[in-house]
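Have a look at the structure below before the remarks.
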Amino acid sequence: MSDVKAIESLAQHSKEIRHEISKVIVGQQDVVEQLLISLFARGHCLLVGVPGLAKTLLIRTLSQALELKFSRVQFTPDLMPSDITGTEILEENMTTGHKNFRFVKGPVFTNIMLADEINRTPPKTQAALLEAMQEHSVTAAGQTYVLEEPFFVLATQNPIEQEGTYPLPEAQLDRFMFNLWLDYPSFQEEVQVVKLTTGGAKVDVKPVLGAAQILQYQDLVRRVPVADNVIEFAVKLVHATRPSEQNTSKIVKDFLSYGAGPRASQYLILGAKTRAALLGKTTPDMDDIRAVAAPVLRHRIITNFNAEADNVSAVDIVGRLLKEL
(Lines give C-alpha, C1' and ligand atoms only; values in the text may rest on other atoms or scores of the structure.)
Protein backbone atom coordinates (compact mmCIF):
# COMPACT_ATOMS: atom_id res chain seq x y z
CA MET A 1 0.00 0.00 0.00
CA SER A 2 1.35 3.45 -0.92
CA ASP A 3 1.82 6.02 1.84
CA VAL A 4 -0.99 8.19 0.40
CA LYS A 5 -3.42 5.24 0.58
CA ALA A 6 -2.14 4.39 4.08
CA ILE A 7 -2.84 7.97 5.24
CA GLU A 8 -6.42 7.71 3.89
CA SER A 9 -6.78 4.41 5.77
CA LEU A 10 -5.43 5.99 8.99
CA ALA A 11 -7.88 8.91 8.66
CA GLN A 12 -10.77 6.43 8.25
CA HIS A 13 -9.67 4.34 11.24
CA SER A 14 -9.34 7.54 13.29
CA LYS A 15 -13.00 8.41 12.55
CA GLU A 16 -14.07 4.88 13.56
CA ILE A 17 -12.14 5.08 16.86
CA ARG A 18 -13.73 8.47 17.66
CA HIS A 19 -17.16 7.03 16.87
CA GLU A 20 -16.61 4.13 19.31
CA ILE A 21 -15.36 6.51 22.04
CA SER A 22 -18.35 8.84 21.50
CA LYS A 23 -20.68 5.97 22.50
CA VAL A 24 -19.37 6.36 26.06
CA ILE A 25 -17.77 9.83 26.27
CA VAL A 26 -19.91 12.91 25.63
CA GLY A 27 -18.08 15.87 24.03
CA GLN A 28 -14.32 16.27 24.67
CA GLN A 29 -13.59 16.01 20.91
CA ASP A 30 -10.38 18.04 21.15
CA VAL A 31 -9.05 15.87 23.98
CA VAL A 32 -9.88 12.66 22.06
CA GLU A 33 -8.11 14.04 18.96
CA GLN A 34 -5.02 14.96 20.98
CA LEU A 35 -5.00 11.55 22.68
CA LEU A 36 -5.00 9.86 19.27
CA ILE A 37 -2.23 12.18 18.03
CA SER A 38 0.00 11.25 20.97
CA LEU A 39 -0.68 7.52 20.52
CA PHE A 40 0.21 7.45 16.82
CA ALA A 41 3.22 9.73 17.42
CA ARG A 42 4.59 7.28 20.06
CA GLY A 43 4.11 9.88 22.80
CA HIS A 44 2.73 9.73 26.33
CA CYS A 45 -0.14 11.83 27.63
CA LEU A 46 -0.94 13.58 30.92
CA LEU A 47 -4.62 14.41 31.48
CA VAL A 48 -5.32 17.07 34.10
CA GLY A 49 -8.72 17.94 35.51
CA VAL A 50 -10.81 18.00 38.66
CA PRO A 51 -12.29 14.65 39.80
CA GLY A 52 -15.42 13.44 38.01
CA LEU A 53 -14.63 14.58 34.44
CA ALA A 54 -14.33 10.96 33.15
CA LYS A 55 -10.54 11.03 32.64
CA THR A 56 -10.16 7.38 33.66
CA LEU A 57 -13.26 6.32 31.72
CA LEU A 58 -11.94 8.05 28.58
CA ILE A 59 -8.65 6.12 28.72
CA ARG A 60 -10.39 2.82 29.48
CA THR A 61 -12.75 3.37 26.51
CA LEU A 62 -9.80 4.20 24.25
CA SER A 63 -8.12 0.92 25.26
CA GLN A 64 -11.33 -0.95 24.35
CA ALA A 65 -11.41 0.70 20.90
CA LEU A 66 -7.80 -0.47 20.38
CA GLU A 67 -7.20 -4.21 20.71
CA LEU A 68 -4.34 -3.76 23.18
CA LYS A 69 -3.36 -5.04 26.62
CA PHE A 70 -4.38 -2.55 29.29
CA SER A 71 -3.39 -2.14 32.93
CA ARG A 72 -4.43 0.44 35.50
CA VAL A 73 -2.38 1.43 38.54
CA GLN A 74 -4.00 3.57 41.23
CA PHE A 75 -1.18 5.81 42.46
CA THR A 76 -1.30 6.24 46.25
CA PRO A 77 1.15 7.74 48.81
CA ASP A 78 2.32 4.24 49.88
CA LEU A 79 2.90 2.88 46.34
CA MET A 80 6.45 1.53 45.85
CA PRO A 81 8.49 1.55 42.58
CA SER A 82 8.44 -2.28 42.52
CA ASP A 83 4.61 -2.15 42.54
CA ILE A 84 4.90 -0.66 39.04
CA THR A 85 7.95 -2.30 37.48
CA GLY A 86 7.83 -5.71 39.16
CA THR A 87 9.77 -7.51 41.87
CA GLU A 88 12.14 -10.44 42.38
CA ILE A 89 10.89 -13.34 44.48
CA LEU A 90 12.90 -16.20 45.94
CA GLU A 91 11.75 -19.59 44.68
CA GLU A 92 12.81 -23.03 45.90
CA ASN A 93 13.00 -26.02 43.57
CA MET A 94 11.19 -28.74 45.54
CA THR A 95 13.12 -31.54 43.75
CA THR A 96 16.70 -30.27 44.09
CA GLY A 97 16.27 -27.91 47.03
CA HIS A 98 18.02 -25.12 45.08
CA LYS A 99 16.80 -21.57 45.61
CA ASN A 100 16.85 -18.91 42.91
CA PHE A 101 15.33 -15.49 42.20
CA ARG A 102 12.56 -15.07 39.64
CA PHE A 103 11.39 -11.70 38.31
CA VAL A 104 7.63 -11.20 38.48
CA LYS A 105 6.62 -8.53 35.97
CA GLY A 106 4.62 -5.55 37.20
CA PRO A 107 1.68 -3.75 35.55
CA VAL A 108 4.06 -1.65 33.40
CA PHE A 109 4.45 -4.73 31.14
CA THR A 110 1.44 -3.91 28.98
CA ASN A 111 0.53 -1.84 25.88
CA ILE A 112 -1.51 0.93 27.52
CA MET A 113 -0.73 1.77 31.13
CA LEU A 114 -3.07 4.08 33.00
CA ALA A 115 -1.25 5.82 35.85
CA ASP A 116 -4.31 7.02 37.74
CA GLU A 117 -3.81 10.16 39.87
CA ILE A 118 -0.06 10.08 39.27
CA ASN A 119 0.57 13.11 41.51
CA ARG A 120 -0.77 11.32 44.61
CA THR A 121 2.43 9.27 44.90
CA PRO A 122 5.88 10.56 46.05
CA PRO A 123 8.58 11.49 43.46
CA LYS A 124 10.56 8.27 44.12
CA THR A 125 7.68 6.18 42.78
CA GLN A 126 6.86 8.64 39.98
CA ALA A 127 10.49 8.23 38.84
CA ALA A 128 9.97 4.47 38.43
CA LEU A 129 8.12 5.30 35.21
CA LEU A 130 10.96 7.41 33.73
CA GLU A 131 12.97 4.58 32.15
CA ALA A 132 9.86 2.81 30.90
CA MET A 133 8.56 6.00 29.24
CA GLN A 134 11.86 6.99 27.63
CA GLU A 135 13.63 3.69 26.88
CA HIS A 136 10.58 1.37 26.72
CA SER A 137 12.42 -1.00 29.06
CA VAL A 138 12.67 -1.86 32.76
CA THR A 139 15.88 -2.65 34.65
CA ALA A 140 15.65 -4.82 37.78
CA ALA A 141 18.59 -6.41 39.65
CA GLY A 142 20.95 -5.56 36.77
CA GLN A 143 18.74 -7.25 34.15
CA THR A 144 16.99 -5.19 31.45
CA TYR A 145 13.55 -6.27 30.25
CA VAL A 146 12.21 -4.78 27.01
CA LEU A 147 8.55 -3.70 27.00
CA GLU A 148 6.17 -4.94 24.32
CA GLU A 149 5.33 -2.44 21.55
CA PRO A 150 3.28 -0.32 21.22
CA PHE A 151 3.69 1.08 24.74
CA PHE A 152 1.90 4.19 26.02
CA VAL A 153 1.64 5.76 29.44
CA LEU A 154 -1.56 7.74 29.90
CA ALA A 155 -1.57 9.44 33.29
CA THR A 156 -4.34 11.36 35.03
CA GLN A 157 -3.68 14.12 37.54
CA ASN A 158 -5.77 16.25 39.85
CA PRO A 159 -4.82 19.94 39.88
CA ILE A 160 -1.84 20.67 42.16
CA GLU A 161 -3.90 22.98 44.39
CA GLN A 162 -5.75 19.96 45.76
CA GLU A 163 -4.51 18.54 49.08
CA GLY A 164 -2.35 15.42 49.30
CA THR A 165 -0.60 15.80 45.94
CA TYR A 166 3.09 15.86 44.93
CA PRO A 167 4.05 18.11 41.98
CA LEU A 168 5.61 16.11 39.13
CA PRO A 169 9.33 16.90 38.63
CA GLU A 170 10.22 18.78 35.41
CA ALA A 171 12.15 15.73 34.10
CA GLN A 172 9.04 13.60 34.50
CA LEU A 173 6.75 16.22 32.95
CA ASP A 174 9.07 16.55 29.93
CA ARG A 175 8.56 12.84 29.14
CA PHE A 176 4.89 13.54 28.38
CA MET A 177 4.32 14.65 24.80
CA PHE A 178 0.99 16.31 25.63
CA ASN A 179 -0.49 17.88 28.74
CA LEU A 180 -4.26 17.89 28.22
CA TRP A 181 -6.63 19.91 30.41
CA LEU A 182 -10.19 18.61 30.67
CA ASP A 183 -12.80 21.28 31.26
CA TYR A 184 -16.32 21.04 32.64
CA PRO A 185 -18.95 19.92 30.07
CA SER A 186 -21.44 22.41 28.66
CA PHE A 187 -25.03 22.40 29.99
CA GLN A 188 -26.34 20.28 27.08
CA GLU A 189 -23.39 17.86 27.33
CA GLU A 190 -23.95 17.42 31.06
CA VAL A 191 -27.66 16.68 30.45
CA GLN A 192 -26.57 13.99 27.97
CA VAL A 193 -24.00 12.59 30.43
CA VAL A 194 -26.66 12.25 33.14
CA LYS A 195 -29.08 10.50 30.73
CA LEU A 196 -26.33 8.14 29.55
CA THR A 197 -24.96 7.20 32.97
CA THR A 198 -28.17 6.85 35.01
CA GLY A 199 -29.99 4.47 32.66
CA GLY A 200 -29.66 0.70 32.46
CA ALA A 201 -28.42 0.41 28.86
CA LYS A 202 -24.98 -1.19 28.35
CA VAL A 203 -22.71 0.26 25.67
CA ASP A 204 -20.66 -2.09 23.50
CA VAL A 205 -17.34 -0.56 22.35
CA LYS A 206 -15.94 -2.50 19.37
CA PRO A 207 -12.16 -2.75 18.80
CA VAL A 208 -11.04 -0.91 15.66
CA LEU A 209 -7.25 -1.42 15.52
CA GLY A 210 -4.76 -3.99 16.81
CA ALA A 211 -1.09 -3.72 17.83
CA ALA A 212 0.38 -4.63 14.40
CA GLN A 213 -1.68 -1.96 12.57
CA ILE A 214 -0.86 0.70 15.18
CA LEU A 215 2.88 0.01 14.77
CA GLN A 216 2.51 0.34 10.97
CA TYR A 217 0.72 3.67 11.37
CA GLN A 218 3.38 4.90 13.83
CA ASP A 219 6.06 4.15 11.19
CA LEU A 220 3.90 5.87 8.55
CA VAL A 221 3.68 9.07 10.64
CA ARG A 222 7.49 9.24 10.79
CA ARG A 223 7.63 9.11 6.97
CA VAL A 224 5.25 12.06 6.50
CA PRO A 225 7.30 14.85 4.84
CA VAL A 226 7.43 18.34 6.39
CA ALA A 227 8.31 21.58 4.58
CA ASP A 228 11.33 23.50 5.92
CA ASN A 229 9.26 26.62 6.63
CA VAL A 230 6.92 24.59 8.89
CA ILE A 231 9.90 23.17 10.84
CA GLU A 232 11.37 26.67 11.15
CA PHE A 233 8.01 28.01 12.42
CA ALA A 234 7.95 25.32 15.15
CA VAL A 235 11.56 26.02 16.20
CA LYS A 236 10.92 29.81 16.18
CA LEU A 237 7.92 29.28 18.48
CA VAL A 238 10.00 27.23 20.94
CA HIS A 239 12.87 29.75 20.84
CA ALA A 240 10.36 32.55 21.51
CA THR A 241 9.51 30.93 24.89
CA ARG A 242 13.08 31.34 26.22
CA PRO A 243 13.64 34.50 28.32
CA SER A 244 17.42 34.34 27.66
CA GLU A 245 17.00 34.79 23.86
CA GLN A 246 17.92 38.26 22.52
CA ASN A 247 14.73 39.25 20.67
CA THR A 248 12.34 37.68 23.15
CA SER A 249 8.86 39.13 23.53
CA LYS A 250 8.15 41.34 26.57
CA ILE A 251 5.50 38.91 27.85
CA VAL A 252 8.13 36.13 27.98
CA LYS A 253 10.71 38.28 29.80
CA ASP A 254 8.06 39.46 32.28
CA PHE A 255 6.26 36.22 33.01
CA LEU A 256 8.53 33.20 32.33
CA SER A 257 11.43 31.82 34.39
CA TYR A 258 12.35 29.11 31.88
CA GLY A 259 11.39 28.33 28.30
CA ALA A 260 10.92 25.01 26.48
CA GLY A 261 13.80 22.76 25.42
CA PRO A 262 14.52 21.05 22.05
CA ARG A 263 12.15 18.17 22.87
CA ALA A 264 9.29 20.67 22.49
CA SER A 265 10.35 21.39 18.88
CA GLN A 266 10.48 17.65 18.14
CA TYR A 267 7.02 17.06 19.62
CA LEU A 268 5.53 20.06 17.79
CA ILE A 269 6.62 18.56 14.46
CA LEU A 270 5.64 14.99 15.40
CA GLY A 271 2.26 16.22 16.66
CA ALA A 272 1.68 18.28 13.50
CA LYS A 273 2.63 15.33 11.25
CA THR A 274 0.29 13.00 13.11
CA ARG A 275 -2.59 15.48 13.15
CA ALA A 276 -2.21 16.03 9.40
CA ALA A 277 -2.23 12.25 8.77
CA LEU A 278 -5.31 11.74 11.00
CA LEU A 279 -7.11 14.38 8.91
CA GLY A 280 -6.05 12.65 5.67
CA LYS A 281 -3.45 15.30 4.68
CA THR A 282 -0.09 14.19 3.23
CA THR A 283 1.93 16.99 4.84
CA PRO A 284 1.39 19.30 7.86
CA ASP A 285 1.04 23.09 7.67
CA MET A 286 1.26 25.97 10.16
CA ASP A 287 -2.31 25.33 11.38
CA ASP A 288 -1.28 21.84 12.54
CA ILE A 289 1.57 23.38 14.58
CA ARG A 290 -0.85 25.92 16.11
CA ALA A 291 -3.31 23.13 16.99
CA VAL A 292 -0.74 21.17 19.03
CA ALA A 293 1.20 24.17 20.46
CA ALA A 294 -0.74 24.51 23.75
CA PRO A 295 -0.69 20.81 24.83
CA VAL A 296 3.01 20.50 23.87
CA LEU A 297 4.22 23.71 25.53
CA ARG A 298 1.97 24.33 28.56
CA HIS A 299 3.96 21.99 30.85
CA ARG A 300 7.37 22.89 29.42
CA ILE A 301 7.38 26.64 30.13
CA ILE A 302 7.75 27.71 33.75
CA THR A 303 5.84 30.84 34.77
CA ASN A 304 7.21 33.12 37.52
CA PHE A 305 5.66 34.99 40.44
CA ASN A 306 4.65 37.95 38.22
CA ALA A 307 2.52 35.64 36.07
CA GLU A 308 0.80 34.26 39.16
CA ALA A 309 0.18 37.78 40.52
CA ASP A 310 -1.27 38.98 37.18
CA ASN A 311 -3.20 35.73 36.61
CA VAL A 312 -1.36 34.96 33.35
CA SER A 313 -1.24 31.24 32.48
CA ALA A 314 1.21 29.30 30.29
CA VAL A 315 -1.56 28.86 27.68
CA ASP A 316 -2.14 32.65 27.57
CA ILE A 317 1.57 33.15 26.83
CA VAL A 318 1.58 30.47 24.08
CA GLY A 319 -1.50 32.13 22.52
CA ARG A 320 0.20 35.55 22.53
CA LEU A 321 3.38 34.13 20.98
CA LEU A 322 1.39 32.43 18.19
CA LYS A 323 -0.26 35.78 17.35
CA GLU A 324 3.10 37.57 17.35
CA LEU A 325 4.69 34.96 15.07
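Identifiers in the C-alpha coordinates: chain A, B, ... in order shown; residue index from 1 per chain; ligand index from 1 in order shown.
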
Could you list, as a short mmCIF file (atom, residue, chain, number, x, y, z; two decimals) with N, CA and C atoms, in the first residue's frame, every residue within 6 Å of region 43-50 of chain A, counting only C-alpha atoms and ignoring same-chain residues fewer than 6 positions away?
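The file below, selection30.cif, is the result:
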data_model
loop_
_atom_site.label_atom_id
_atom_site.label_comp_id
_atom_site.auth_asym_id
_atom_site.auth_seq_id
_atom_site.Cartn_x
_atom_site.Cartn_y
_atom_site.Cartn_z
N PHE A 152 2.29 2.81 25.70
CA PHE A 152 1.90 4.19 26.02
C PHE A 152 1.63 4.31 27.50
N VAL A 153 2.06 5.42 28.07
CA VAL A 153 1.64 5.76 29.44
C VAL A 153 0.64 6.91 29.34
N LEU A 154 -0.55 6.69 29.85
CA LEU A 154 -1.56 7.74 29.90
C LEU A 154 -1.83 7.98 31.39
N ALA A 155 -1.46 9.15 31.86
CA ALA A 155 -1.57 9.44 33.29
C ALA A 155 -2.66 10.48 33.53
N THR A 156 -3.37 10.34 34.64
CA THR A 156 -4.34 11.36 35.03
C THR A 156 -3.80 12.07 36.27
N GLN A 157 -4.18 13.32 36.41
CA GLN A 157 -3.68 14.12 37.54
C GLN A 157 -4.76 15.08 37.99
N ASN A 158 -4.89 15.20 39.31
CA ASN A 158 -5.77 16.25 39.85
C ASN A 158 -4.95 17.53 39.95
N PHE A 176 6.24 13.57 28.96
CA PHE A 176 4.89 13.54 28.38
C PHE A 176 4.86 14.44 27.14
N MET A 177 4.43 13.86 26.04
CA MET A 177 4.32 14.65 24.80
C MET A 177 3.28 15.75 24.97
N PHE A 178 2.11 15.37 25.48
CA PHE A 178 0.99 16.31 25.63
C PHE A 178 0.58 16.44 27.09
N ASN A 179 0.18 17.64 27.46
CA ASN A 179 -0.49 17.88 28.74
C ASN A 179 -1.89 18.38 28.39
N LEU A 180 -2.90 17.55 28.63
CA LEU A 180 -4.26 17.89 28.22
C LEU A 180 -5.09 18.29 29.43
N TRP A 181 -5.76 19.43 29.32
CA TRP A 181 -6.63 19.91 30.41
C TRP A 181 -8.08 19.62 30.03
N LEU A 182 -8.78 18.89 30.90
CA LEU A 182 -10.19 18.61 30.67
C LEU A 182 -11.03 19.66 31.41
#

Item to check | All helix (DSSP H, G or I) positions in region 52-219 of chain A, as a PyMOL selection string | outcome: chain A and resi 55-65+82-85+118-120+123-126+128-135+170-174+187-197+211-219

Checklist entry - Can you tell me how far CA of Ala307 (chain A) sits from CA of Phe233 (chain A), in Å to one decimal? => result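 These two atoms are separated by 25.5 Å.
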
Next on the checklist: So, with only C-alpha atoms as the atoms that count, which of A:Val104, A:Ala115, A:Ser9, A:Ile84 lies closest to Ile59 (chain A)?
Outcome noted: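 Of the candidates, the smallest distance to Ile59 (chain A) is held by A:Ala115.
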
Checklist entry - Which residues come within 9 Å of region 319-324 of chain A, counting only C-alpha atoms, excluding same-chain residues fewer than 6 positions away, as a list of chain:residue names? => result A:Leu237, A:Ala240, A:Thr241, A:Ser249, A:Ile251, A:Val252, A:Arg290, A:Ala293, A:Ala294

Next on the checklist: Need to verify the contact set: Ala291 (chain A), 9 Å, only C-alpha atoms, exclusion of same-chain residues closer than 3 positions in sequence. Can you return it as a VMD selection string?
Outcome noted: chain A and resid 271 to 272 275 286 to 288 294 to 295

Next on the checklist: For the structure I just gave you, how does DSSP split region 148-297 of chain A - specifically, which residues are strand (DSSP E or B)? Reply as a list in words.
Outcome noted: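 Here are the strand (DSSP E or B) residues of region 148-297 of chain A: Phe152, Val153, Leu154, Ala155, Thr156, Gln157, Phe178, Asn179, Leu180, Trp181, Leu209, Gly210, Leu256, Ser257 and Tyr258 of chain A.
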
Next on the checklist: Residues near Leu90 (chain A), anyone? I mean within 8 Å using only C-alpha atoms, not counting same-chain ones fewer than 4 positions away, as a ChimeraX atom specification.
Outcome noted: /A:99-102

Checklist entry - So how many Å separate CA of Val24 (chain A) and CA of Val292 (chain A), to one decimal? => result 24.8 Å

Next on the checklist: Could you tell me how far CA of Thr282 (chain A) sits from CA of Val4 (chain A), in Å to one decimal place?
Outcome noted: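 It comes out at 6.7 Å.
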
Next on the checklist: So that I can see what lies close to Gln192 (chain A), please list as a list in words the residues with an atom at most 12 Å from it, counting only C-alpha atoms and leaving out residues fewer than 4 positions away in the same chain.
Outcome noted: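 These residues fall inside the cut-off: Ser22, Lys23, Val24, Ile25, Val26, Gly27, Pro185, Ser186, Phe187, Gln188, Leu196, Thr197, Thr198 and Gly199 of chain A.
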
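The smallest atom-to-atom distance between Gln29 (chain A) and any of A:Lys15, A:Pro167, A:Pro51, A:Ile89, using only C-alpha atoms, is found for A:Lys15.
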
Checklist entry - Glu20 (chain A): which residues within 8 Å, counting only C-alpha atoms, same-chain residues fewer than 4 positions away excluded, as a list of chain:residue names? => result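 Once the adjacent positions are removed, what remains is A:Glu16, A:Val24, A:Ala65, A:Val205, A:Lys206.
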